[in-house]
2 protein chains.
Amino acid sequence: MKKWVFNFNEGNAEQKSLLGGKGANLAEMTNIGLPVPPGFIVSTEACLKYYQDNKELNSYIIEQIDNHLNELEIVTGKIFGDIENPLLVSIRSGAAVSMPGMMDTILNLGLNDETVEVLAVKANNASFAYDSYRRFIQMFSDVACGVAKHHYENLLDKFRKEFNISSDADFTLEQLKLITKEYKDIHKRFTGEDFPQEPKTQLYLAIQAVFDSWNNSRAITYRKIHNISHDMGTAVNVQAMVFGNMGYDCGTGVAFTRNPATGERKLYGEYLINAQGEDVVAGIRTPMDISRLANVMPKIYHEFDELAKKLEHHYQDMQDIEFTIEKGKLYILQTRAGKRTAEAAVRIATELVEENVVSPSEAIMRVEPSSLDQLLHPTFDTVAMANMQPLAQGLPASPGAATGKVYFNAEDAVKAAANNEPVILVRKETSPEDIEGMNIALGILTSRGGMTSHAAVVARGMGKCCVAGCEELWVNEEAKVITVNGIEIFEGDYISLDGSSGRVYQGIIKTAKPKFSEHFNKLMQYAEEIKSLGIRANADTAFDAQIALNFGVEGIGLCRTEHMFFKENRIPVVRQMILSSTKEQRQKALTKLLPMQKKDFKELFEVMESKPVTIRLLDPPLHEFLPSNEEDILNLAKEMDVSIKLLKDTISQLHEINPMLGHRGCRLAITYPEIAKMQTRAIIEAALEVKEEFSIDPMPEIMVPLIGTKRELAYMKEVIENEASEILSQRNTDIKYSIGTMIEIPRAALLANEIAEISEFFSFGTNDLTQMGFGYSRDDAGKFINDYLAKGILSDDPFQSIDQKGIGQLVDIGVKLGRQTKPNLKIGVCGEHAGDAKSVEFFQKVGLDYVSCSPYRVPIAKLAAAQAQVKNEN
Amino acid sequence: MKKWVFNFNEGNAEQKSLLGGKGANLAEMTNIGLPVPPGFIVSTEACLKYYQDNKELNSYIIEQIDNHLNELEIVTGKIFGDIENPLLVSIRSGAAVSMPGMMDTILNLGLNDETVEVLAVKANNASFAYDSYRRFIQMFSDVACGVAKHHYENLLDKFRKEFNISSDADFTLEQLKLITKEYKDIHKRFTGEDFPQEPKTQLYLAIQAVFDSWNNSRAITYRKIHNISHDMGTAVNVQAMVFGNMGYDCGTGVAFTRNPATGERKLYGEYLINAQGEDVVAGIRTPMDISRLANVMPKIYHEFDELAKKLEHHYQDMQDIEFTIEKGKLYILQTRAGKRTAEAAVRIATELVEENVVSPSEAIMRVEPSSLDQLLHPTFDTVAMANMQPLAQGLPASPGAATGKVYFNAEDAVKAAANNEPVILVRKETSPEDIEGMNIALGILTSRGGMTSHAAVVARGMGKCCVAGCEELWVNEEAKVITVNGIEIFEGDYISLDGSSGRVYQGIIKTAKPKFSEHFNKLMQYAEEIKSLGIRANADTAFDAQIALNFGVEGIGLCRTEHMFFKENRIPVVRQMILSSTKEQRQKALTKLLPMQKKDFKELFEVMESKPVTIRLLDPPLHEFLPSNEEDILNLAKEMDVSIKLLKDTISQLHEINPMLGHRGCRLAITYPEIAKMQTRAIIEAALEVKEEFSIDPMPEIMVPLIGTKRELAYMKEVIENEASEILSQRNTDIKYSIGTMIEIPRAALLANEIAEISEFFSFGTNDLTQMGFGYSRDDAGKFINDYLAKGILSDDPFQSIDQKGIGQLVDIGVKLGRQTKPNLKIGVCGEHAGDAKSVEFFQKVGLDYVSCSPYRVPIAKLAAAQAQVKNEN
């Protein structure tokens, strides 16, 4: 006869499609010898059969349920509906794929007007028993009989008011009995029938209700959205309830196999005697440290300690275990990988290697790459944080924590910093003019812009805490005040930013410095040995390059030359270049810029020695450089010897409606080739001089931004090559350099085969690819992206983690087409995604040679790359 | 023995790869019996052999050249280098694929110090003979011997100054002889050898020079850019020169087989006796009407007339023929399809059908679809245009011609129009606030924005002349003055716009009204019968829809609901909706908008009857609706009963950096579902009422804009369906409607298979697809796109004609993926490209069901669709 029902010891973790995810895991735990409360699983096949039979449980299934129930009664020594030792069970749905939003759990099934009294005696707590009973009635009536929850909630509310109750724990036994009675009346009123007292009837109805829930509209919608097949069915788990509150030989607790804060190898947890799980959490009674259990129940403690070790070995990771002791017997209710701080994760992972529990490849899988941010940046002191309520929530644009005084513009910020004040720079949004202010600030807060806005990108590059796009704030830069929920924060007031969570706090919060432990270094060493993907850094200065080198990068994947232009003393010259109305005027400005750029490149080459340095030619929208205040315009007009009117006219002519899709990148260089010429000259001359002065063989890779057509690259390549050969032939020397392109426009990805014909390397700019591929302006997406995340329309912010299906498809196409033309084409990525673990895994999968990220994200990228390698090999 | 050289009568039009394009055509003309001056072709294989032999003409090739030269001497009765009757030839390169920028033509090869004297006598014009000689020296020396042209040009300049010559025709014979002598000196100075006097030496050198030119750097670059193979080689055409200026039995002329202005079937052209080709064009002598030749040379005229008819039959099209009469013998130098006005093209095509020369399928191929614009809009009177110099050049944003007085804002424009003044509305760029002004203007001129800017799109929709993005103009809207090249144009001054060419003129130019001839209607009828692609129109009002119906559309492919919001009396309500800070405020505004929208839809359904009407839900960037001037803000604040400060804050909050990539389309509807609900209600209620009142079964297709993910559409679909079923179940009735989506975001095209699962139709928005796929803002691209076109980086403005390789690839992918999910998915396109012939052909090729364009572009789309069908069948 076909088997429809399975004991927990009849299955294992692999049988998810038959037993559902939850059932398969209960089976696994039972099989490895954990004292799991016994139970059985009604299979997904039984569910499908139920639907075939027009929603009826056929007699074979009922027979098997009855048989397993019998067995369960024998194993537990309890009997369904018994007035001495009644069996109570929990009912849980469990599909092969986890589907939150399907049926809720029903606990304490088996309770009725008689067994509730037995429970009251056994638990020595009649209120608990009746509270359990009224909850069971509500759950069962709602889930199994369709009586809407709110009827019960409304009644409860009425009683709360009537008895003037502040916490449900304050209901007296009499009051609970009254509620229970009225609950049963509600049930009868809406169903026309008495609340079922017969436990078996309760059980069959509950099982059917779980099966029915497979096709409720929430579940169907969920499956539609997540592309889950509708014909898999769900299993039902029936498990004996155990109680830790039936006397002093009972108890309950939670423990980690290692300290989740520090990683130290030692049981860490709490327990309570004669209590149920909720009591440990509720804080009414103070739980004991787990170590004390060794004295109170030495046998149980020893058993638990052994079990904890066994579990660590079986799951090869630190475990978080829930247990209950019922009448001197230990039950494990749940075990799972324990949550831990980054510090603990790193220590546990490396120590598990030393203990020969896991290999280095397994160890690196135990640490979430993004959690390393906690170790690389200051964090708020946990104690100081305990009672803080955030003032507002923005985007976690650049990790770390910072506390300081609010200043509203770069000038004020710089002055305050000069007086040794801790500065938080607050702006609506930042622009290149704010760079000096950002540089001296401890943290940056903006009310606008997304994860790749100017503030976010620059802050991450600086390794500085930043909360961006905090739209709740009303930042009035003129009046120098922030208004948020009626609170006003003025210049000089203290605020605190958590760049890792995006939260903003009022006042001072103590911060803790980052720690680089031996465990961290060990983990990085493992990652370095395992990974195959190259890791480069985005760095614009020798200073940043040095930080990146300390983290062990293989090169610079992106040097943004425009960032070099943002330095305060250069902006006027850059403005002259942009606002020139003649080629001569422009040439004059460029001549001034040449030695500055050359100096930067020389410093960069000197630090990076013979490692590759990818230098991107000028890219940003012109308007980013334009002066906006009267004084700057006045000074510039003087310096350029033009009228203010002419200058203002030129500025207004340069205004763009959608600068992100405007006159930038190579478009600029094609209109004004002299800019690219100057930059080429600066690169080549710098390389030559470094070679001469330091006997270093620098490896400049000149990168053309924003290519959409092959012809653009052909044009630019000619300009660059002509300028380079002019220099080289004049000096009668030679130098290695290569010319490649960004792939950041959708069209370029689609025609990468053509572009590869004349490109020596590709670097994907996934920021712009996301902007254009999705049609989301990074600066404006904040207005709807949170709503999209909340409504489940997006699973991730595509600027944080690459959208693999869509934008990732463009990357994949670009790689395939590029290599179709040049099988060995070197391809990297230099967008912000390179520092996101999920994205790094994707980049490895599609075959990139390297990823390039902010220096402070290098450890994350390295760990993610190693994890990707391990996953790839499995 | 292998054949390296071919007589013209030994080949035909098919042999382009062996004889080159030019050679194959000369062969074709010879074969059909045209009296083409005789000659021969040195084949492309000879060229390849030449390279194999290290750039030497081997003896076999030379032998064949000599043999064919001999034949040529016999056929012409002239002899190379003869002092009685010297043979002169032209040398032209000709590769299989036309490659402008390769070698120039060498004329009059065979001239030397002796034959020049013979030519002088025969032509009875010694100056002509010496001028020909000095040109030959320069061409030959440059092309065949590498002496740079500028050496000769400089010398000529020197003489021009010295002899105070204004036109080269003014050189005396003595002066020309002197120049010729000095030219030969230059040649000797740079080559070290005398200018070759031996015609055969000249010939061999010239042939080798043509072969060499195949690998000059210009040619190599050209081939690289155009993906032409480098190993095809070029052929060389050697053709006897004929002269029409050797006496009164000689002449030359040009004639069309039909009137190129009207299409009338009658020889149309001019000739001159004893003249060469240049004289007809130069205007020194006044040419005669071709009809007079019948009296002067009746035999020749008759011969020519027969020939003209034969050529029309052979090429099945009106021909433009160049002929020369040398000593009583008629030679055809060239024949090609004649250029013609649209009016003539239409008449010729339809009359060729009536004459049984071509089938309707062939006839429709004879008219360039875009030329129909000339017939659909006013044009400038050709006579009035004769001497006009344009003031500036902008983008030809919407065809037609207009003359009127300049006004700088909608208000002034409306007032002037009320006084019956002809108005040209001039703005930096237009916005929805200008709609009324645009509506009453005869033409619109903007200094900013591209082919799909607001001004361009709206003007085309109105069928109104518009020149956009005329960046040379400095438009000062406050001071009400245009400055251009030092000229100032004030309010009330007259200007004239040619929207078909993008030119702007100062003053009044007479315009001619459009004509819809019987020929036009006939042509449209042919197109209608031939085409398979559906044609719809973009129309937002019943008025536009009626125009489209008159042109024979099958439905509305795009009704932009936001255009309905732009009407003057609605803008305040729309603003209230947008600027509401509470849902209630917003609902209040929406309640006011509902009846207005419903009325529009009812009118539209009534006109369109049961034809499909695709209604796009609200799409544009919010800021387009925002009030910008103080007065409007003040009024709005009063109306909304909020403080001016709050209103200004809200406006400032809504500001976006890149609105095109911002909070628009379905993103807006997802944030504020009540907008979509109101629009759904307006559509459904309108459909119901029209059904009831007029017994019409309207077919609304509700289209969700700017979908990037399937989940967005799922969300929107639920909102729409819920609202619709609420209305339908309340009224207990039913109605047909469908829900589909725009595919206008690159990601949507890449994931069209997913989206198709829940979409009933697709409509490609190729404007946005181009903006995002290319990363070009339609409003800002004007700043670099002209430069790109000029530098050959782009071949076409991708907003005018779809970029088939890139953006087209996205369309192709979207169609394939969509139909993969739903094989019968209805797919159209509603971008501006639907009115561009090349694009329409592409859309047919990738399998779209229909294209939808502005009403005034329907005839163009229809003709283009018919042409695409014919090409498809061949």
# chains A, B, ... in the order shown; residues from 1 in each chain; ligands from 1
$ residues_around --residues "Gly23 of chain B" --least-positions-apart "2" --cutoff "7 Å" --atoms "only C-alpha atoms" --output "list in words"
Leu19, Gly20, Gly21, Asn25, Leu26, Ala27, Ile41, Gly94 and Asn237 of chain B
$ residues_around --residues "segment 365-377 of chain A" --least-positions-apart "3" --cutoff "8 Å" --atoms "only C-alpha atoms" --output "PDB file with C-alpha atoms, in the first residue's frame"
ATOM      1  CA  ASP A 317      29.083  25.444  12.474  1.00  0.00           C
ATOM      2  CA  THR A 341      28.804  39.347  15.344  1.00  0.00           C
ATOM      3  CA  ALA A 342      31.346  39.677  12.583  1.00  0.00           C
ATOM      4  CA  GLU A 343      34.086  39.410  15.170  1.00  0.00           C
ATOM      5  CA  ALA A 345      32.044  34.817  12.923  1.00  0.00           C
ATOM      6  CA  VAL A 346      35.647  35.389  11.939  1.00  0.00           C
ATOM      7  CA  ALA A 349      35.439  30.150  11.313  1.00  0.00           C
ATOM      8  CA  SER A 361      37.195  26.368   2.099  1.00  0.00           C
ATOM      9  CA  GLU A 362      34.382  25.572   4.479  1.00  0.00           C
ATOM     10  CA  PRO A 399      29.382  51.892   6.576  1.00  0.00           C
ATOM     11  CA  GLY A 400      30.739  52.945   9.933  1.00  0.00           C
ATOM     12  CA  ALA A 401      29.496  55.062  12.800  1.00  0.00           C
ATOM     13  CA  GLY A 463      36.028  54.871   3.857  1.00  0.00           C
ATOM     14  CA  SER A 500      25.788  50.495   8.132  1.00  0.00           C
ATOM     15  CA  LYS A 513      37.336  51.647  16.870  1.00  0.00           C
ATOM     16  CA  PRO A 514      37.754  48.926  14.222  1.00  0.00           C
ATOM     17  CA  LYS A 515      39.860  45.897  15.135  1.00  0.00           C
ATOM     18  CA  PHE A 516      41.943  43.768  12.793  1.00  0.00           C
ATOM     19  CA  ASP A 836      28.757  43.424  -2.845  1.00  0.00           C
ATOM     20  CA  ALA A 837      29.125  39.724  -2.105  1.00  0.00           C
ATOM     21  CA  TYR A 856      37.627  49.582   2.262  1.00  0.00           C
ATOM     22  CA  ARG A 857      35.523  47.002   0.489  1.00  0.00           C
ATOM     23  CA  PRO A 859      38.270  42.424   2.192  1.00  0.00           C
ATOM     24  CA  ILE A 860      34.568  41.927   1.457  1.00  0.00           C
ATOM     25  CA  ALA A 861      35.196  41.428  -2.223  1.00  0.00           C
ATOM     26  CA  LEU A 863      35.982  36.915   0.854  1.00  0.00           C
ATOM     27  CA  ALA A 864      33.054  36.954  -1.570  1.00  0.00           C
ATOM     28  CA  GLN A 867      33.138  31.963  -1.524  1.00  0.00           C
TER      29      GLN A 867
END
$ residues_around --residues "Leu87 of chain B" --least-positions-apart "6" --cutoff "8 Å" --atoms "only C-alpha atoms" --output "PyMOL selection string"
chain B and resi 73+76+78-81+110+240-241
$ select_by_dssp --residues "segment 657-744 of chain B" --states "alpha helix (DSSP H)" --output "JSON, numbers by chain"
{"B": [666, 667, 668, 669, 670, 671, 673, 674, 675, 676, 677, 678, 679, 680, 681, 682, 683, 684, 685, 686, 687, 688, 689, 690, 691, 692, 693, 694, 710, 711, 712, 713, 714, 715, 716, 717, 718, 719, 720, 721, 722, 723, 724, 725, 726, 727, 728, 729, 730, 731]}
$ closest_atom_pairs --of "chain A" --to "chain B" --cutoff "8 Å" --atoms "only C-alpha atoms" --output "JSON lines"
{"residue": "A:Ile225", "atom": "CA", "partner": "B:Arg711", "partner_atom": "CA", "distance": 7.0}
{"residue": "A:Glu656", "atom": "CA", "partner": "B:Asp780", "partner_atom": "CA", "distance": 6.0}
{"residue": "A:Ile657", "atom": "CA", "partner": "B:Asp779", "partner_atom": "CA", "distance": 6.5}
{"residue": "A:Asn658", "atom": "CA", "partner": "B:Asn658", "partner_atom": "CA", "distance": 4.3}
{"residue": "A:Pro659", "atom": "CA", "partner": "B:Asn658", "partner_atom": "CA", "distance": 6.5}
{"residue": "A:Met660", "atom": "CA", "partner": "B:Asn658", "partner_atom": "CA", "distance": 6.5}
{"residue": "A:Leu661", "atom": "CA", "partner": "B:Ser777", "partner_atom": "CA", "distance": 4.7}
{"residue": "A:Gly662", "atom": "CA", "partner": "B:Asp780", "partner_atom": "CA", "distance": 5.5}
{"residue": "A:His663", "atom": "CA", "partner": "B:Phe784", "partner_atom": "CA", "distance": 6.7}
{"residue": "A:Arg667", "atom": "CA", "partner": "B:Phe784", "partner_atom": "CA", "distance": 6.9}
{"residue": "A:Thr671", "atom": "CA", "partner": "B:Asp787", "partner_atom": "CA", "distance": 7.0}
{"residue": "A:Gly708", "atom": "CA", "partner": "B:Phe774", "partner_atom": "CA", "distance": 6.2}
{"residue": "A:Thr709", "atom": "CA", "partner": "B:Ile793", "partner_atom": "CA", "distance": 7.8}
{"residue": "A:Arg711", "atom": "CA", "partner": "B:Ile793", "partner_atom": "CA", "distance": 5.3}
{"residue": "A:Glu712", "atom": "CA", "partner": "B:Ile793", "partner_atom": "CA", "distance": 6.1}
{"residue": "A:Ile745", "atom": "CA", "partner": "B:Phe774", "partner_atom": "CA", "distance": 6.2}
{"residue": "A:Pro746", "atom": "CA", "partner": "B:Gly773", "partner_atom": "CA", "distance": 5.0}
{"residue": "A:Arg747", "atom": "CA", "partner": "B:Gly806", "partner_atom": "CA", "distance": 5.3}
{"residue": "A:Ala748", "atom": "CA", "partner": "B:Gly806", "partner_atom": "CA", "distance": 8.0}
{"residue": "A:Leu750", "atom": "CA", "partner": "B:Gly806", "partner_atom": "CA", "distance": 6.4}
{"residue": "A:Leu751", "atom": "CA", "partner": "B:Gly806", "partner_atom": "CA", "distance": 6.7}
{"residue": "A:Gln771", "atom": "CA", "partner": "B:Leu661", "partner_atom": "CA", "distance": 7.6}
{"residue": "A:Met772", "atom": "CA", "partner": "B:Met772", "partner_atom": "CA", "distance": 4.8}
{"residue": "A:Gly773", "atom": "CA", "partner": "B:Pro746", "partner_atom": "CA", "distance": 5.0}
{"residue": "A:Phe774", "atom": "CA", "partner": "B:Arg747", "partner_atom": "CA", "distance": 5.7}
{"residue": "A:Gly775", "atom": "CA", "partner": "B:Leu661", "partner_atom": "CA", "distance": 4.9}
{"residue": "A:Tyr776", "atom": "CA", "partner": "B:Leu661", "partner_atom": "CA", "distance": 4.8}
{"residue": "A:Ser777", "atom": "CA", "partner": "B:Leu661", "partner_atom": "CA", "distance": 4.7}
{"residue": "A:Asp779", "atom": "CA", "partner": "B:Ile657", "partner_atom": "CA", "distance": 6.5}
{"residue": "A:Asp780", "atom": "CA", "partner": "B:Gly662", "partner_atom": "CA", "distance": 5.5}
{"residue": "A:Ala781", "atom": "CA", "partner": "B:Gly662", "partner_atom": "CA", "distance": 6.2}
{"residue": "A:Lys783", "atom": "CA", "partner": "B:His663", "partner_atom": "CA", "distance": 6.7}
{"residue": "A:Phe784", "atom": "CA", "partner": "B:His663", "partner_atom": "CA", "distance": 6.7}
{"residue": "A:Asp787", "atom": "CA", "partner": "B:Thr671", "partner_atom": "CA", "distance": 7.0}
{"residue": "A:Ile793", "atom": "CA", "partner": "B:Arg711", "partner_atom": "CA", "distance": 5.3}
{"residue": "A:Leu794", "atom": "CA", "partner": "B:Arg711", "partner_atom": "CA", "distance": 7.9}
{"residue": "A:Lys805", "atom": "CA", "partner": "B:Leu751", "partner_atom": "CA", "distance": 7.7}
{"residue": "A:Gly806", "atom": "CA", "partner": "B:Arg747", "partner_atom": "CA", "distance": 5.3}
{"residue": "A:Ile807", "atom": "CA", "partner": "B:Arg747", "partner_atom": "CA", "distance": 6.8}
{"residue": "A:Gln809", "atom": "CA", "partner": "B:Leu750", "partner_atom": "CA", "distance": 7.7}
$ atom_distance --atom1 "atom CA of Ala865 of chain A" --atom2 "atom CA of Arg340 of chain A"
21.7 Å
$ atom_distance --atom1 "atom CA of Asn824 of chain A" --atom2 "atom CA of Phe762 of chain A"
11.2 Å
$ atom_distance --atom1 "atom CA of Gln869 of chain A" --atom2 "atom CA of Ala548 of chain A"
21.8 Å
$ closest_residue --among "B:Asp168, B:Glu433, B:Asp249, B:Glu518" --to "Arg347 of chain B" --atoms "only C-alpha atoms"
B:Glu518
$ closest_residue --among "A:Asn112, A:Asn164, A:Thr335, A:Ser359" --to "Thr180 of chain A" --atoms "only C-alpha atoms"
A:Asn112
$ residues_around --residues "Val574 of chain A" --least-positions-apart "3" --cutoff "9 Å" --atoms "only C-alpha atoms" --output "ChimeraX atom specification"
/A:565-566,570-571,577-579,589-590,593,625
